[in-house]
Amino acid sequence: MEYDDMLDRAIEETPDIESGSDRFDVPDPDVRQEGNVTVYENFQATTRRLDREDDHVMKFLQDELGTSGHIDESGRARLTGEFRQRRIADAIDAYTDEFVICSECGLPDTQLVREQGAILLRCEACGARSATSG
C-alpha cells in the first residue's frame, strides 16, 4: 500500500472532533454582593469545569480584577470590592483563553505542566505545547 493510500485511509477512519466551543461550556458566574465583598457562589463548579486548581484560578482573578480575595470554607470565592457578573465572566474568559484552550487546535483538552521552571499548556488532543504567563 502506498503512503498516500495509507494516509487517505487513516483520515477516513479518524473520527471527527466536534469544535471546542460546542462541547465546552463554562458556567456563568453566580455572584452577589455582601457588603464590600463580591461572593462568587459557583466558583468551584467553574474550576471543576476548567479542570484547574482553585488557587490558580483565584490568583488569576485577583490579578485580573486588581483586588484581594480568598476561598471560603464552602468553596466560594470572596473578592474584596464590588464586581458585576459580566466583569467576572470576562476575567474567567481571559483565564480560559490563556490557561485552558489550546492555541493550536482550539480544544480544551489541556493540562498545565511545569518544565524547566516554566509553566506550559500541553494539549492532550494535538500534542502542542505553549508557554503561559504563569
# chains A, B, ... in the order shown; residues from 1 in each chain; ligands from 1
>>> residues_around(residues="region 81-89 of chain A", least_positions_apart="2", cutoff="7 Å", atoms="only C-alpha atoms", output="compact mmCIF listing (two decimals) with N, CA and C atoms, in the first residue's frame")
# COMPACT_ATOMS: atom_id res chain seq x y z
N ASP A 28 -21.80 30.27 33.81
CA ASP A 28 -21.80 31.71 34.06
C ASP A 28 -21.59 31.95 35.56
N PRO A 29 -20.79 32.95 35.91
CA PRO A 29 -20.57 33.23 37.33
C PRO A 29 -21.87 33.63 38.02
N VAL A 31 -22.84 35.56 41.03
CA VAL A 31 -22.23 36.47 42.01
C VAL A 31 -23.29 37.27 42.74
N GLN A 33 -23.51 40.55 45.99
CA GLN A 33 -22.79 41.49 46.85
C GLN A 33 -23.11 41.19 48.30
N ASN A 36 -18.99 45.03 51.23
CA ASN A 36 -17.99 45.46 50.24
C ASN A 36 -17.27 44.26 49.61
N VAL A 37 -17.90 43.10 49.65
CA VAL A 37 -17.32 41.87 49.11
C VAL A 37 -18.23 41.30 48.03
N THR A 38 -17.64 40.84 46.94
CA THR A 38 -18.39 40.13 45.91
C THR A 38 -18.18 38.64 46.14
N LEU A 79 -14.26 38.09 46.88
CA LEU A 79 -13.39 39.11 46.30
C LEU A 79 -13.71 40.47 46.92
N ALA A 91 -13.20 37.99 33.06
CA ALA A 91 -11.94 37.51 33.65
C ALA A 91 -11.82 35.99 33.50
N ILE A 92 -12.91 35.26 33.69
CA ILE A 92 -12.90 33.80 33.51
C ILE A 92 -12.65 33.45 32.05
N ASP A 93 -13.23 34.22 31.14
CA ASP A 93 -12.98 34.01 29.71
C ASP A 93 -11.50 34.22 29.38
>>> atom_distance(atom1="CA of Ala10 (chain A)", atom2="CA of Cys105 (chain A)")
19.0 Å
>>> select_by_dssp(residues="chain A", states="helix (DSSP H, G or I)", output="ChimeraX atom specification")
/A:3-13,20-23,43-50,54-65,85-99
>>> residues_around(residues="Asp55 (chain A)", least_positions_apart="2", cutoff="12 Å", atoms="only C-alpha atoms", output="ChimeraX atom specification")
/A:43-44,47,52-53,57-62,69-72,75-77
>>> write_last_selection(atoms="C-alpha atoms", output="PDB file, in the first residue's frame")
ATOM      1  CA  PHE A  43     -16.555  29.255  41.865  1.00  0.00           C
ATOM      2  CA  GLN A  44     -15.770  25.567  42.459  1.00  0.00           C
ATOM      3  CA  THR A  47     -12.827  25.428  38.423  1.00  0.00           C
ATOM      4  CA  ARG A  52      -7.774  23.675  37.093  1.00  0.00           C
ATOM      5  CA  GLU A  53      -6.695  24.199  40.705  1.00  0.00           C
ATOM      6  CA  VAL A  57      -7.835  30.444  39.121  1.00  0.00           C
ATOM      7  CA  MET A  58      -8.225  32.592  42.258  1.00  0.00           C
ATOM      8  CA  LYS A  59      -4.780  34.136  41.822  1.00  0.00           C
ATOM      9  CA  PHE A  60      -5.593  34.976  38.195  1.00  0.00           C
ATOM     10  CA  LEU A  61      -8.921  36.553  39.220  1.00  0.00           C
ATOM     11  CA  GLN A  62      -7.180  38.667  41.851  1.00  0.00           C
ATOM     12  CA  GLY A  69      -9.730  37.735  47.989  1.00  0.00           C
ATOM     13  CA  HIS A  70      -9.863  34.222  49.343  1.00  0.00           C
ATOM     14  CA  ILE A  71     -11.741  30.957  49.003  1.00  0.00           C
ATOM     15  CA  ASP A  72     -14.043  30.366  51.967  1.00  0.00           C
ATOM     16  CA  GLY A  75     -15.603  26.804  48.245  1.00  0.00           C
ATOM     17  CA  ARG A  76     -16.917  30.212  47.235  1.00  0.00           C
ATOM     18  CA  ALA A  77     -14.542  32.928  46.072  1.00  0.00           C
TER      19      ALA A  77
END
>>> residues_around(residues="Thr110 (chain A)", least_positions_apart="6", cutoff="8 Å", atoms="only C-alpha atoms", output="list in words")
Val100, Ile101, Cys102, Leu121, Arg122, Cys123, Glu124 and Ala125 of chain A
>>> closest_residue(among="A:Asp90, A:Ser103, A:Asp63, A:Glu98", to="Thr132 (chain A)", atoms="only C-alpha atoms")
A:Glu98
>>> select_by_dssp(residues="region 1-132 of chain A", states="strand (DSSP E)", output="MDAnalysis selection string")
chainID A and resid 31:34 37:40 69:71 77:80 110:115 118:123 129:131
